[in-house]
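Next comes upload_7.txt, a file with compact mmCIF, N, CA and C atoms.
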# COMPACT_ATOMS: atom_id res chain seq x y z
N MET A 1 0.82 -1.19 0.00
CA MET A 1 0.00 0.00 0.00
C MET A 1 0.86 1.25 0.00
N LYS A 2 2.15 1.10 0.22
CA LYS A 2 3.03 2.26 0.23
C LYS A 2 2.97 3.00 -1.09
N SER A 3 2.92 2.30 -2.20
CA SER A 3 2.90 2.96 -3.51
C SER A 3 1.61 3.76 -3.71
N ALA A 4 0.48 3.26 -3.23
CA ALA A 4 -0.78 4.00 -3.34
C ALA A 4 -0.70 5.29 -2.53
N SER A 5 -0.13 5.21 -1.36
CA SER A 5 0.03 6.39 -0.52
C SER A 5 0.95 7.40 -1.17
N GLU A 6 2.03 6.92 -1.77
CA GLU A 6 2.96 7.82 -2.45
C GLU A 6 2.30 8.46 -3.66
N ALA A 7 1.52 7.69 -4.41
CA ALA A 7 0.83 8.23 -5.58
C ALA A 7 -0.18 9.29 -5.16
N TYR A 8 -0.91 9.00 -4.09
CA TYR A 8 -1.88 9.96 -3.55
C TYR A 8 -1.18 11.26 -3.18
N ALA A 9 -0.07 11.17 -2.48
CA ALA A 9 0.67 12.36 -2.05
C ALA A 9 1.18 13.14 -3.26
N ARG A 10 1.70 12.44 -4.27
CA ARG A 10 2.22 13.10 -5.46
C ARG A 10 1.11 13.81 -6.21
N ILE A 11 0.01 13.15 -6.41
CA ILE A 11 -1.11 13.75 -7.14
C ILE A 11 -1.67 14.94 -6.38
N ALA A 12 -1.75 14.83 -5.06
CA ALA A 12 -2.25 15.93 -4.25
C ALA A 12 -1.39 17.17 -4.42
N ARG A 13 -0.08 16.99 -4.44
CA ARG A 13 0.84 18.12 -4.60
C ARG A 13 0.73 18.73 -5.99
N GLU A 14 0.51 17.90 -6.99
CA GLU A 14 0.53 18.36 -8.37
C GLU A 14 -0.79 18.96 -8.85
N THR A 15 -1.91 18.53 -8.30
CA THR A 15 -3.18 18.92 -8.90
C THR A 15 -4.05 19.85 -8.08
N ALA A 16 -4.08 19.70 -6.79
CA ALA A 16 -5.01 20.49 -5.98
C ALA A 16 -4.56 20.47 -4.53
N PRO A 17 -5.09 21.42 -3.77
CA PRO A 17 -4.82 21.35 -2.33
C PRO A 17 -5.33 20.01 -1.78
N PRO A 18 -4.61 19.42 -0.84
CA PRO A 18 -4.98 18.08 -0.34
C PRO A 18 -6.42 17.96 0.13
N ARG A 19 -6.92 18.93 0.85
CA ARG A 19 -8.30 18.82 1.35
C ARG A 19 -9.31 18.83 0.20
N GLU A 20 -9.03 19.59 -0.83
CA GLU A 20 -9.92 19.61 -1.98
C GLU A 20 -9.89 18.27 -2.72
N LEU A 21 -8.71 17.70 -2.86
CA LEU A 21 -8.58 16.39 -3.50
C LEU A 21 -9.30 15.32 -2.68
N GLU A 22 -9.11 15.33 -1.37
CA GLU A 22 -9.80 14.38 -0.51
C GLU A 22 -11.30 14.51 -0.65
N ALA A 23 -11.79 15.76 -0.65
CA ALA A 23 -13.23 15.99 -0.79
C ALA A 23 -13.74 15.43 -2.11
N THR A 24 -13.03 15.69 -3.18
CA THR A 24 -13.43 15.21 -4.50
C THR A 24 -13.46 13.69 -4.54
N LEU A 25 -12.43 13.06 -4.01
CA LEU A 25 -12.38 11.59 -4.01
C LEU A 25 -13.49 10.99 -3.15
N LEU A 26 -13.74 11.56 -1.98
CA LEU A 26 -14.81 11.07 -1.11
C LEU A 26 -16.18 11.25 -1.77
N LEU A 27 -16.38 12.38 -2.41
CA LEU A 27 -17.66 12.62 -3.09
C LEU A 27 -17.83 11.70 -4.30
N THR A 28 -16.74 11.38 -4.97
CA THR A 28 -16.79 10.42 -6.08
C THR A 28 -17.19 9.04 -5.55
N ALA A 29 -16.58 8.63 -4.45
CA ALA A 29 -16.94 7.34 -3.84
C ALA A 29 -18.41 7.34 -3.42
N ALA A 30 -18.86 8.43 -2.83
CA ALA A 30 -20.26 8.54 -2.41
C ALA A 30 -21.20 8.43 -3.61
N ALA A 31 -20.85 9.10 -4.69
CA ALA A 31 -21.69 9.06 -5.89
C ALA A 31 -21.77 7.65 -6.46
N ARG A 32 -20.64 6.95 -6.47
CA ARG A 32 -20.64 5.58 -6.99
C ARG A 32 -21.50 4.67 -6.11
N LEU A 33 -21.38 4.82 -4.80
CA LEU A 33 -22.18 4.01 -3.89
C LEU A 33 -23.66 4.39 -3.97
N GLN A 34 -23.94 5.68 -4.15
CA GLN A 34 -25.33 6.12 -4.30
C GLN A 34 -25.96 5.50 -5.55
N ALA A 35 -25.20 5.43 -6.63
CA ALA A 35 -25.71 4.81 -7.86
C ALA A 35 -26.05 3.34 -7.62
N ILE A 36 -25.23 2.67 -6.86
CA ILE A 36 -25.50 1.26 -6.52
C ILE A 36 -26.77 1.16 -5.68
N TYR A 37 -26.86 2.03 -4.67
CA TYR A 37 -28.04 2.04 -3.80
C TYR A 37 -29.32 2.27 -4.63
N ASP A 38 -29.27 3.24 -5.53
CA ASP A 38 -30.44 3.58 -6.35
C ASP A 38 -30.82 2.45 -7.30
N ALA A 39 -29.84 1.65 -7.74
CA ALA A 39 -30.09 0.57 -8.69
C ALA A 39 -30.48 -0.74 -8.01
N TRP A 40 -30.44 -0.80 -6.69
CA TRP A 40 -30.68 -2.04 -5.95
C TRP A 40 -32.15 -2.42 -6.07
N LYS A 41 -32.41 -3.52 -6.76
CA LYS A 41 -33.78 -4.01 -6.95
C LYS A 41 -33.87 -5.48 -6.55
N GLY A 42 -33.65 -5.76 -5.28
CA GLY A 42 -33.77 -7.12 -4.78
C GLY A 42 -32.49 -7.91 -4.75
N LYS A 43 -31.60 -7.67 -5.68
CA LYS A 43 -30.31 -8.36 -5.65
C LYS A 43 -29.19 -7.34 -5.86
N LYS A 44 -28.00 -7.76 -5.51
CA LYS A 44 -26.82 -6.90 -5.62
C LYS A 44 -26.67 -6.41 -7.06
N PRO A 45 -26.64 -5.09 -7.29
CA PRO A 45 -26.53 -4.58 -8.66
C PRO A 45 -25.14 -4.73 -9.25
N GLN A 46 -25.11 -4.70 -10.58
CA GLN A 46 -23.84 -4.72 -11.30
C GLN A 46 -23.05 -3.47 -10.91
N GLY A 47 -21.76 -3.63 -10.70
CA GLY A 47 -20.91 -2.51 -10.31
C GLY A 47 -20.72 -2.38 -8.81
N PHE A 48 -21.44 -3.20 -8.04
CA PHE A 48 -21.36 -3.14 -6.59
C PHE A 48 -19.94 -3.39 -6.10
N ASP A 49 -19.34 -4.48 -6.56
CA ASP A 49 -18.00 -4.84 -6.09
C ASP A 49 -16.98 -3.75 -6.42
N GLU A 50 -17.08 -3.19 -7.61
CA GLU A 50 -16.13 -2.14 -8.03
C GLU A 50 -16.29 -0.88 -7.19
N ALA A 51 -17.53 -0.48 -6.94
CA ALA A 51 -17.78 0.72 -6.13
C ALA A 51 -17.28 0.53 -4.70
N LEU A 52 -17.52 -0.65 -4.15
CA LEU A 52 -17.06 -0.94 -2.80
C LEU A 52 -15.54 -0.99 -2.74
N LEU A 53 -14.92 -1.57 -3.75
CA LEU A 53 -13.46 -1.63 -3.80
C LEU A 53 -12.86 -0.22 -3.89
N TYR A 54 -13.44 0.63 -4.72
CA TYR A 54 -12.97 2.02 -4.84
C TYR A 54 -13.01 2.71 -3.48
N ASN A 55 -14.13 2.56 -2.79
CA ASN A 55 -14.28 3.20 -1.48
C ASN A 55 -13.29 2.62 -0.46
N ARG A 56 -13.14 1.30 -0.49
CA ARG A 56 -12.20 0.65 0.44
C ARG A 56 -10.77 1.11 0.19
N ARG A 57 -10.38 1.17 -1.06
CA ARG A 57 -9.01 1.63 -1.37
C ARG A 57 -8.81 3.08 -0.95
N LEU A 58 -9.79 3.91 -1.20
CA LEU A 58 -9.70 5.31 -0.81
C LEU A 58 -9.52 5.44 0.70
N TRP A 59 -10.33 4.74 1.46
CA TRP A 59 -10.23 4.82 2.91
C TRP A 59 -8.93 4.18 3.42
N THR A 60 -8.41 3.19 2.73
CA THR A 60 -7.12 2.60 3.10
C THR A 60 -6.02 3.65 2.97
N VAL A 61 -6.04 4.40 1.89
CA VAL A 61 -5.05 5.45 1.69
C VAL A 61 -5.23 6.56 2.73
N LEU A 62 -6.47 6.96 2.98
CA LEU A 62 -6.72 7.99 3.99
C LEU A 62 -6.25 7.55 5.36
N LEU A 63 -6.54 6.30 5.72
CA LEU A 63 -6.09 5.77 7.01
C LEU A 63 -4.57 5.72 7.09
N ASN A 64 -3.94 5.30 6.02
CA ASN A 64 -2.49 5.26 5.99
C ASN A 64 -1.91 6.66 6.19
N SER A 65 -2.49 7.62 5.54
CA SER A 65 -2.03 9.00 5.63
C SER A 65 -2.22 9.57 7.03
N VAL A 66 -3.39 9.36 7.59
CA VAL A 66 -3.70 9.97 8.89
C VAL A 66 -2.95 9.30 10.05
N THR A 67 -2.56 8.06 9.87
CA THR A 67 -1.84 7.37 10.95
C THR A 67 -0.33 7.48 10.79
N HIS A 68 0.12 8.10 9.73
CA HIS A 68 1.55 8.29 9.50
C HIS A 68 2.10 9.32 10.49
N ASN A 69 3.29 9.08 11.02
CA ASN A 69 3.86 9.95 12.05
C ASN A 69 4.07 11.39 11.61
N ASP A 70 4.28 11.63 10.33
CA ASP A 70 4.52 12.99 9.88
C ASP A 70 3.25 13.76 9.50
N ASN A 71 2.08 13.17 9.76
CA ASN A 71 0.83 13.87 9.51
C ASN A 71 0.70 15.04 10.47
N ARG A 72 0.36 16.22 9.95
CA ARG A 72 0.34 17.43 10.76
C ARG A 72 -1.01 17.74 11.39
N LEU A 73 -2.00 16.91 11.18
CA LEU A 73 -3.29 17.13 11.83
C LEU A 73 -3.15 16.97 13.34
N PRO A 74 -3.98 17.68 14.11
CA PRO A 74 -3.95 17.48 15.56
C PRO A 74 -4.26 16.03 15.92
N ALA A 75 -3.66 15.57 17.00
CA ALA A 75 -3.79 14.17 17.42
C ALA A 75 -5.24 13.74 17.56
N LYS A 76 -6.09 14.59 18.12
CA LYS A 76 -7.51 14.23 18.33
C LYS A 76 -8.22 14.06 16.98
N VAL A 77 -7.92 14.91 16.02
CA VAL A 77 -8.53 14.80 14.69
C VAL A 77 -8.07 13.50 14.03
N ARG A 78 -6.78 13.22 14.13
CA ARG A 78 -6.24 11.98 13.57
C ARG A 78 -6.92 10.77 14.19
N GLU A 79 -7.08 10.80 15.50
CA GLU A 79 -7.73 9.69 16.20
C GLU A 79 -9.17 9.52 15.73
N ASN A 80 -9.90 10.61 15.58
CA ASN A 80 -11.29 10.53 15.14
C ASN A 80 -11.41 10.00 13.72
N ILE A 81 -10.54 10.46 12.84
CA ILE A 81 -10.56 9.97 11.46
C ILE A 81 -10.19 8.49 11.42
N THR A 82 -9.24 8.10 12.25
CA THR A 82 -8.86 6.68 12.31
C THR A 82 -10.03 5.83 12.77
N ARG A 83 -10.72 6.25 13.80
CA ARG A 83 -11.89 5.49 14.28
C ARG A 83 -12.97 5.41 13.21
N LEU A 84 -13.19 6.51 12.54
CA LEU A 84 -14.18 6.52 11.47
C LEU A 84 -13.76 5.57 10.35
N GLY A 85 -12.50 5.61 9.99
CA GLY A 85 -11.99 4.72 8.94
C GLY A 85 -12.10 3.26 9.31
N VAL A 86 -11.82 2.94 10.56
CA VAL A 86 -11.94 1.55 11.02
C VAL A 86 -13.40 1.12 10.95
N TRP A 87 -14.32 2.01 11.31
CA TRP A 87 -15.74 1.68 11.23
C TRP A 87 -16.14 1.46 9.76
N ILE A 88 -15.66 2.34 8.87
CA ILE A 88 -15.95 2.20 7.43
C ILE A 88 -15.46 0.84 6.94
N MET A 89 -14.26 0.45 7.36
CA MET A 89 -13.71 -0.85 6.93
C MET A 89 -14.57 -2.00 7.44
N ALA A 90 -15.04 -1.91 8.68
CA ALA A 90 -15.90 -2.96 9.24
C ALA A 90 -17.23 -3.03 8.48
N GLU A 91 -17.79 -1.88 8.18
CA GLU A 91 -19.04 -1.83 7.43
C GLU A 91 -18.85 -2.37 6.02
N THR A 92 -17.72 -2.07 5.43
CA THR A 92 -17.40 -2.58 4.10
C THR A 92 -17.30 -4.11 4.12
N TYR A 93 -16.66 -4.64 5.15
CA TYR A 93 -16.56 -6.09 5.28
C TYR A 93 -17.95 -6.71 5.40
N SER A 94 -18.82 -6.07 6.19
CA SER A 94 -20.20 -6.55 6.32
C SER A 94 -20.90 -6.57 4.97
N LEU A 95 -20.68 -5.53 4.19
CA LEU A 95 -21.30 -5.45 2.86
C LEU A 95 -20.75 -6.53 1.93
N MET A 96 -19.47 -6.83 2.07
CA MET A 96 -18.86 -7.86 1.22
C MET A 96 -19.40 -9.24 1.55
N THR A 97 -19.66 -9.50 2.82
CA THR A 97 -20.10 -10.83 3.24
C THR A 97 -21.61 -10.98 3.24
N ASP A 98 -22.34 -9.88 3.43
CA ASP A 98 -23.80 -9.93 3.47
C ASP A 98 -24.35 -8.63 2.88
N PRO A 99 -24.34 -8.51 1.54
CA PRO A 99 -24.74 -7.26 0.89
C PRO A 99 -26.18 -6.86 1.19
N LYS A 100 -26.35 -5.66 1.73
CA LYS A 100 -27.67 -5.09 2.00
C LYS A 100 -27.61 -3.61 1.68
N PRO A 101 -28.58 -3.10 0.94
CA PRO A 101 -28.52 -1.71 0.53
C PRO A 101 -28.51 -0.72 1.71
N ASP A 102 -29.18 -1.07 2.79
CA ASP A 102 -29.22 -0.15 3.94
C ASP A 102 -27.85 0.10 4.55
N HIS A 103 -26.93 -0.83 4.38
CA HIS A 103 -25.58 -0.65 4.91
C HIS A 103 -24.80 0.40 4.13
N LEU A 104 -25.26 0.71 2.94
CA LEU A 104 -24.57 1.72 2.13
C LEU A 104 -24.84 3.14 2.60
N THR A 105 -26.01 3.38 3.17
CA THR A 105 -26.42 4.75 3.46
C THR A 105 -25.47 5.48 4.41
N SER A 106 -25.02 4.82 5.44
CA SER A 106 -24.11 5.47 6.39
C SER A 106 -22.77 5.81 5.74
N ILE A 107 -22.27 4.90 4.94
CA ILE A 107 -21.00 5.16 4.25
C ILE A 107 -21.16 6.33 3.28
N ILE A 108 -22.27 6.36 2.57
CA ILE A 108 -22.53 7.46 1.64
C ILE A 108 -22.56 8.78 2.39
N ARG A 109 -23.27 8.82 3.49
CA ARG A 109 -23.38 10.07 4.28
C ARG A 109 -22.02 10.51 4.82
N ILE A 110 -21.24 9.57 5.30
CA ILE A 110 -19.92 9.92 5.83
C ILE A 110 -19.04 10.48 4.72
N ASN A 111 -19.09 9.87 3.55
CA ASN A 111 -18.28 10.35 2.43
C ASN A 111 -18.72 11.73 1.95
N ARG A 112 -19.94 12.12 2.29
CA ARG A 112 -20.47 13.44 1.90
C ARG A 112 -20.43 14.42 3.06
N VAL A 113 -19.37 14.45 3.78
CA VAL A 113 -19.25 15.35 4.92
C VAL A 113 -19.76 16.73 4.52
N PRO A 114 -20.73 17.27 5.26
CA PRO A 114 -21.37 18.52 4.85
C PRO A 114 -20.41 19.69 4.59
N HIS A 115 -19.41 19.89 5.40
CA HIS A 115 -18.53 21.04 5.18
C HIS A 115 -17.73 20.90 3.88
N LEU A 116 -17.50 19.67 3.43
CA LEU A 116 -16.82 19.49 2.16
C LEU A 116 -17.74 19.88 1.01
N GLN A 117 -19.02 19.55 1.11
CA GLN A 117 -19.96 19.94 0.07
C GLN A 117 -20.03 21.46 -0.04
N GLY A 118 -20.08 22.13 1.10
CA GLY A 118 -20.16 23.58 1.10
C GLY A 118 -18.94 24.21 0.47
N ARG A 119 -17.76 23.69 0.76
CA ARG A 119 -16.53 24.24 0.19
C ARG A 119 -16.48 24.07 -1.31
N LEU A 120 -17.02 22.96 -1.80
CA LEU A 120 -16.96 22.70 -3.23
C LEU A 120 -18.22 23.19 -3.95
N LYS A 121 -19.20 23.71 -3.19
CA LYS A 121 -20.44 24.23 -3.75
C LYS A 121 -21.14 23.20 -4.64
N LEU A 122 -21.25 21.99 -4.13
CA LEU A 122 -21.92 20.93 -4.88
C LEU A 122 -23.32 20.72 -4.33
N ASP A 123 -24.25 20.46 -5.20
CA ASP A 123 -25.62 20.17 -4.80
C ASP A 123 -25.87 18.69 -5.09
N LEU A 124 -25.66 17.87 -4.07
CA LEU A 124 -25.77 16.42 -4.26
C LEU A 124 -27.01 15.90 -3.55
N PRO A 125 -27.69 14.91 -4.15
CA PRO A 125 -28.82 14.30 -3.47
C PRO A 125 -28.37 13.51 -2.25
N ARG A 126 -29.21 13.41 -1.28
CA ARG A 126 -28.92 12.67 -0.04
C ARG A 126 -29.28 11.20 -0.21
N ALA A 127 -28.54 10.35 0.49
CA ALA A 127 -28.89 8.93 0.53
C ALA A 127 -30.21 8.78 1.24
N ALA A 128 -31.00 7.81 0.82
CA ALA A 128 -32.32 7.59 1.45
C ALA A 128 -32.18 7.15 2.87
Show me, as structure tokens, the structure contained in the file I just sent.
Amino acid sequence: MKSASEAYARIARETAPPRELEATLLLTAAARLQAIYDAWKGKKPQGFDEALLYNRRLWTVLLNSVTHNDNRLPAKVRENITRLGVWIMAETYSLMTDPKPDHLTSIIRINRVPHLQGRLKLDLPRAA
């Protein structure tokens, strides 16, 4: 996972401020999961595994970044993000072993952190 973390750091430096990049990636993951939720008609929709994998990889990189010793966020913020990431990973595992659309809603909401939406001025629909 070191290479994914390095790629994330390189892209963040080259393309956008890190918080903006994180917001964009989280909102992309939320949109992909929302599309899966909206398409769920009794059985797991096509694209489910890919959307879940995208979200899992994103949170793996975020967790790696926030738990790294050189991260400059305050310790309490790092701890909270780590706890949230661990919860996301547990929920993702639940979805992988027992797919249910209702398990997606919390992940979608977390990925759409309200202050990030406001900063990017996006008008996104809410998960049901």
Spatial neighbours of range 29-36 of chain A, 6.5 Å, all atoms listed in the file, chain gap at least 2 places, as number ranges by chain: A: 24-27, 38-40, 45, 47-48, 51, 54-55, 107-108, 111-112
Atomic distance CA of Ser65 in chain A - CA of Ser94 in chain A, expressed in Å with one decimal: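 CA of Ser94 in chain A lies at a distance of 23.9 Å from CA of Ser65 in chain A.
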Contact residues around Pro101 in chain A with only N, CA and C atoms at 7 Å, ignoring same-chain residues under 2 positions, as a list in words: Tyr37, Trp40, Pro99, His103, Leu104 and Thr105 of chain A
Residue list (alpha helix (DSSP H), DSSP) for range 37-85 of chain A, as a ChimeraX atom specification: /A:37-39,48-67,75-85
Could you write those residues out with N, CA and C atoms, as an mmCIF file, in the coordinates of the input?
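Result saved to out26.cif:
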data_model
loop_
_atom_site.group_PDB
_atom_site.id
_atom_site.type_symbol
_atom_site.label_atom_id
_atom_site.label_comp_id
_atom_site.auth_asym_id
_atom_site.auth_seq_id
_atom_site.Cartn_x
_atom_site.Cartn_y
_atom_site.Cartn_z
ATOM 1 N N TYR A 37 -26.860 2.030 -4.670
ATOM 2 C CA TYR A 37 -28.040 2.040 -3.800
ATOM 3 C C TYR A 37 -29.320 2.270 -4.630
ATOM 4 N N ASP A 38 -29.270 3.240 -5.530
ATOM 5 C CA ASP A 38 -30.440 3.580 -6.350
ATOM 6 C C ASP A 38 -30.820 2.450 -7.300
ATOM 7 N N ALA A 39 -29.840 1.650 -7.740
ATOM 8 C CA ALA A 39 -30.090 0.570 -8.690
ATOM 9 C C ALA A 39 -30.480 -0.740 -8.010
ATOM 10 N N PHE A 48 -21.440 -3.200 -8.040
ATOM 11 C CA PHE A 48 -21.360 -3.140 -6.590
ATOM 12 C C PHE A 48 -19.940 -3.390 -6.100
ATOM 13 N N ASP A 49 -19.340 -4.480 -6.560
ATOM 14 C CA ASP A 49 -18.000 -4.840 -6.090
ATOM 15 C C ASP A 49 -16.980 -3.750 -6.420
ATOM 16 N N GLU A 50 -17.080 -3.190 -7.610
ATOM 17 C CA GLU A 50 -16.130 -2.140 -8.030
ATOM 18 C C GLU A 50 -16.290 -0.880 -7.190
ATOM 19 N N ALA A 51 -17.530 -0.480 -6.940
ATOM 20 C CA ALA A 51 -17.780 0.720 -6.130
ATOM 21 C C ALA A 51 -17.280 0.530 -4.700
ATOM 22 N N LEU A 52 -17.520 -0.650 -4.150
ATOM 23 C CA LEU A 52 -17.060 -0.940 -2.800
ATOM 24 C C LEU A 52 -15.540 -0.990 -2.740
ATOM 25 N N LEU A 53 -14.920 -1.570 -3.750
ATOM 26 C CA LEU A 53 -13.460 -1.630 -3.800
ATOM 27 C C LEU A 53 -12.860 -0.220 -3.890
ATOM 28 N N TYR A 54 -13.440 0.630 -4.720
ATOM 29 C CA TYR A 54 -12.970 2.020 -4.840
ATOM 30 C C TYR A 54 -13.010 2.710 -3.480
ATOM 31 N N ASN A 55 -14.130 2.560 -2.790
ATOM 32 C CA ASN A 55 -14.280 3.200 -1.480
ATOM 33 C C ASN A 55 -13.290 2.620 -0.460
ATOM 34 N N ARG A 56 -13.140 1.300 -0.490
ATOM 35 C CA ARG A 56 -12.200 0.650 0.440
ATOM 36 C C ARG A 56 -10.770 1.110 0.190
ATOM 37 N N ARG A 57 -10.380 1.170 -1.060
ATOM 38 C CA ARG A 57 -9.010 1.630 -1.370
ATOM 39 C C ARG A 57 -8.810 3.080 -0.950
ATOM 40 N N LEU A 58 -9.790 3.910 -1.200
ATOM 41 C CA LEU A 58 -9.700 5.310 -0.810
ATOM 42 C C LEU A 58 -9.520 5.440 0.700
ATOM 43 N N TRP A 59 -10.330 4.740 1.460
ATOM 44 C CA TRP A 59 -10.230 4.820 2.910
ATOM 45 C C TRP A 59 -8.930 4.180 3.420
ATOM 46 N N THR A 60 -8.410 3.190 2.730
ATOM 47 C CA THR A 60 -7.120 2.600 3.100
ATOM 48 C C THR A 60 -6.020 3.650 2.970
ATOM 49 N N VAL A 61 -6.040 4.400 1.890
ATOM 50 C CA VAL A 61 -5.050 5.450 1.690
ATOM 51 C C VAL A 61 -5.230 6.560 2.730
ATOM 52 N N LEU A 62 -6.470 6.960 2.980
ATOM 53 C CA LEU A 62 -6.720 7.990 3.990
ATOM 54 C C LEU A 62 -6.250 7.550 5.360
ATOM 55 N N LEU A 63 -6.540 6.300 5.720
ATOM 56 C CA LEU A 63 -6.090 5.770 7.010
ATOM 57 C C LEU A 63 -4.570 5.720 7.090
ATOM 58 N N ASN A 64 -3.940 5.300 6.020
ATOM 59 C CA ASN A 64 -2.490 5.260 5.990
ATOM 60 C C ASN A 64 -1.910 6.660 6.190
ATOM 61 N N SER A 65 -2.490 7.620 5.540
ATOM 62 C CA SER A 65 -2.030 9.000 5.630
ATOM 63 C C SER A 65 -2.220 9.570 7.030
ATOM 64 N N VAL A 66 -3.390 9.360 7.590
ATOM 65 C CA VAL A 66 -3.700 9.970 8.890
ATOM 66 C C VAL A 66 -2.950 9.300 10.050
ATOM 67 N N THR A 67 -2.560 8.060 9.870
ATOM 68 C CA THR A 67 -1.840 7.370 10.950
ATOM 69 C C THR A 67 -0.330 7.480 10.790
ATOM 70 N N ALA A 75 -3.660 15.570 17.000
ATOM 71 C CA ALA A 75 -3.790 14.170 17.420
ATOM 72 C C ALA A 75 -5.240 13.740 17.560
ATOM 73 N N LYS A 76 -6.090 14.590 18.120
ATOM 74 C CA LYS A 76 -7.510 14.230 18.330
ATOM 75 C C LYS A 76 -8.220 14.060 16.980
ATOM 76 N N VAL A 77 -7.920 14.910 16.020
ATOM 77 C CA VAL A 77 -8.530 14.800 14.690
ATOM 78 C C VAL A 77 -8.070 13.500 14.030
ATOM 79 N N ARG A 78 -6.780 13.220 14.130
ATOM 80 C CA ARG A 78 -6.240 11.980 13.570
ATOM 81 C C ARG A 78 -6.920 10.770 14.190
ATOM 82 N N GLU A 79 -7.080 10.800 15.500
ATOM 83 C CA GLU A 79 -7.730 9.690 16.200
ATOM 84 C C GLU A 79 -9.170 9.520 15.730
ATOM 85 N N ASN A 80 -9.900 10.610 15.580
ATOM 86 C CA ASN A 80 -11.290 10.530 15.140
ATOM 87 C C ASN A 80 -11.410 10.000 13.720
ATOM 88 N N ILE A 81 -10.540 10.460 12.840
ATOM 89 C CA ILE A 81 -10.560 9.970 11.460
ATOM 90 C C ILE A 81 -10.190 8.490 11.420
ATOM 91 N N THR A 82 -9.240 8.100 12.250
ATOM 92 C CA THR A 82 -8.860 6.680 12.310
ATOM 93 C C THR A 82 -10.030 5.830 12.770
ATOM 94 N N ARG A 83 -10.720 6.250 13.800
ATOM 95 C CA ARG A 83 -11.890 5.490 14.280
ATOM 96 C C ARG A 83 -12.970 5.410 13.210
ATOM 97 N N LEU A 84 -13.190 6.510 12.540
ATOM 98 C CA LEU A 84 -14.180 6.520 11.470
ATOM 99 C C LEU A 84 -13.760 5.570 10.350
ATOM 100 N N GLY A 85 -12.500 5.610 9.990
ATOM 101 C CA GLY A 85 -11.990 4.720 8.940
ATOM 102 C C GLY A 85 -12.100 3.260 9.310
#
Interatomic distance (Å, one decimal) between CA of Val86 in chain A and atom C of Lys41 in chain A: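 For CA of Val86 in chain A relative to atom C of Lys41 in chain A, the distance reads 29.0 Å.
Taking CA of Pro17 in chain A as the reference point, atom C of Thr82 in chain A is found at 22.3 Å.
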Close residues, Val66 in chain A itself excluded, 9 Å, only C-alpha atoms, min 5 positions apart in chain, as a list in words: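 Near Val66 in chain A, the qualifying residues are Val61, Asn71, Arg72, Leu73, Val77, Arg78, Glu79, Ile81 and Thr82 of chain A.
Proximity of A:Ala23, A:Leu95, A:Gly42, A:Thr60 to Ile110 in chain A, computed with only C-alpha atoms, is greatest for A:Ala23.
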